[in-house]
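The file model.tsv contains TSV, C-alpha atoms:
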chain	number	residue	atom	x	y	z
B	1	MET	CA	9.69	-17.34	14.46
B	2	ILE	CA	6.59	-16.33	12.51
B	3	SER	CA	7.53	-18.57	9.59
B	4	SER	CA	7.91	-21.42	12.10
B	5	GLY	CA	4.30	-20.95	13.18
B	6	TYR	CA	4.78	-19.06	16.43
B	7	ASP	CA	2.01	-16.70	17.48
B	8	ALA	CA	2.78	-13.61	19.61
B	9	GLU	CA	2.38	-15.41	22.91
B	10	GLY	CA	4.48	-18.33	21.69
B	11	MET	CA	7.29	-15.90	20.83
B	12	ILE	CA	7.07	-14.29	24.26
B	13	ARG	CA	7.20	-17.71	25.96
B	14	SER	CA	10.18	-18.70	23.83
B	15	ILE	CA	12.09	-15.50	24.60
B	16	LEU	CA	11.24	-15.19	28.30
B	17	GLY	CA	11.50	-18.87	29.14
B	18	ASN	CA	10.40	-19.40	32.74
B	19	ILE	CA	10.02	-15.71	33.55
B	20	GLU	CA	6.47	-15.01	34.66
B	21	TYR	CA	4.42	-12.50	32.64
B	22	LYS	CA	0.83	-11.35	32.29
B	23	VAL	CA	-0.98	-10.61	29.02
B	24	LEU	CA	-2.79	-7.32	29.55
B	25	GLU	CA	-4.57	-7.10	26.22
B	26	SER	CA	-4.94	-9.10	23.04
B	27	LYS	CA	-5.86	-7.68	19.61
B	28	GLN	CA	-6.35	-9.16	16.18
B	29	VAL	CA	-3.90	-7.59	13.74
B	30	PHE	CA	-3.87	-7.71	9.98
B	31	TYR	CA	-2.03	-6.27	7.03
B	32	ARG	CA	-3.89	-4.23	4.45
B	33	CYS	CA	-2.00	-3.07	1.43
B	34	SER	CA	-2.62	0.58	0.62
B	35	CYS	CA	-0.08	0.74	-2.17
B	36	ARG	CA	-2.68	1.11	-4.93
B	37	GLU	CA	-4.18	4.16	-3.23
B	38	ARG	CA	-0.69	5.57	-2.68
B	39	MET	CA	0.10	5.13	-6.39
B	40	GLU	CA	-3.17	6.88	-7.31
B	41	ARG	CA	-2.27	9.83	-5.08
B	42	ALA	CA	1.17	9.97	-6.67
B	43	LEU	CA	-0.36	10.16	-10.15
B	44	ILE	CA	-2.85	12.83	-9.05
B	45	SER	CA	-0.01	14.83	-7.51
B	46	LEU	CA	1.62	15.07	-10.96
B	47	GLY	CA	-1.09	17.54	-11.87
B	48	LYS	CA	-3.60	17.83	-14.68
B	49	LYS	CA	-1.09	18.78	-17.37
B	50	ASP	CA	1.23	15.81	-16.79
B	51	LEU	CA	-1.67	13.37	-16.42
B	52	ARG	CA	-3.12	14.57	-19.74
B	53	GLU	CA	0.29	14.05	-21.38
B	54	ILE	CA	0.53	10.51	-20.01
B	55	ILE	CA	-2.96	9.72	-21.30
B	56	GLN	CA	-2.29	11.20	-24.73
B	57	GLU	CA	1.27	9.95	-25.26
B	58	GLN	CA	1.30	6.59	-23.49
B	59	GLY	CA	-2.32	5.71	-22.78
B	60	SER	CA	-1.34	3.90	-19.58
B	61	ALA	CA	1.09	4.07	-16.68
B	62	GLU	CA	3.11	1.50	-14.75
B	63	LEU	CA	4.28	2.36	-11.24
B	64	VAL	CA	6.33	0.22	-8.86
B	65	CYS	CA	5.83	0.45	-5.10
B	66	HIS	CA	9.06	1.10	-3.23
B	67	PHE	CA	7.67	-0.73	-0.17
B	68	CYS	CA	6.51	-4.05	-1.64
B	69	SER	CA	8.07	-3.89	-5.15
B	70	LYS	CA	4.71	-4.73	-6.71
B	71	LYS	CA	3.91	-3.28	-10.14
B	72	TYR	CA	0.69	-1.32	-10.53
B	73	PHE	CA	-0.81	-0.73	-13.97
B	74	PHE	CA	-3.16	2.15	-14.68
B	75	PHE	CA	-4.98	1.98	-17.99
B	76	LYS	CA	-6.45	4.87	-19.91
B	77	ASP	CA	-9.91	4.77	-18.31
B	78	GLU	CA	-8.36	4.73	-14.82
B	79	LEU	CA	-6.05	7.63	-15.68
B	80	ILE	CA	-9.02	9.63	-16.95
B	81	LYS	CA	-10.81	9.08	-13.62
B	82	LEU	CA	-7.67	10.23	-11.77
B	83	LEU	CA	-7.51	13.29	-14.04
B	84	GLU	CA	-11.09	14.10	-13.03
B	85	LYS	CA	-10.13	13.74	-9.36
B	86	ALA	CA	-7.14	16.01	-9.92
B	87	SER	CA	-9.42	18.59	-11.53
B	88	VAL	CA	-11.77	18.52	-8.54
B	89	ASN	CA	-8.97	18.70	-5.94
B	90	ILE	CA	-7.13	21.62	-7.54
Here is a file; write its structure as structure tokens.
Amino acid sequence: MISSGYDAEGMIRSILGNIEYKVLESKQVFYRCSCRERMERALISLGKKDLREIIQEQGSAELVCHFCSKKYFFFKDELIKLLEKASVNI
């Protein structure tokens, strides 16, 4: 229904037909991807030792989100910043 252009009230009208209803509240909703932050936390959770090894051996990291299947690349400078965060948080 969404891909056909229905808004929330249009879907309700379509489903309920002639049944009377009352809209009690209306809110604007939006999607905000937080995958990048989630991937950063995952890298930090590896710990300082493993992050140092990734930086030294590979120089970058590629992670894939299990929710949206998007690939996230972290280059050396970004990994160093995450290593600093890991050092502060531990």
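Proximity ranking of B:Glu9, B:Cys33, B:Met1, B:Glu57 relative to B:Tyr21 places B:Glu9 first, based on all atoms listed in the file.
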Computed interatomic separation between atom CA of B:Leu83 and atom CA of B:Arg52 (Å): 7.3 Å
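Between atom CA of B:Lys76 and atom CA of B:Ile54 the separation is 9.0 Å.
From atom CA of B:His66 back to atom CA of B:Glu84, the distance works out to 25.9 Å.
Proximity ranking of B:Cys65, B:Ser60, B:Ser4, B:Met11 relative to B:Leu79 places B:Ser60 first, based on all atoms listed in the file.
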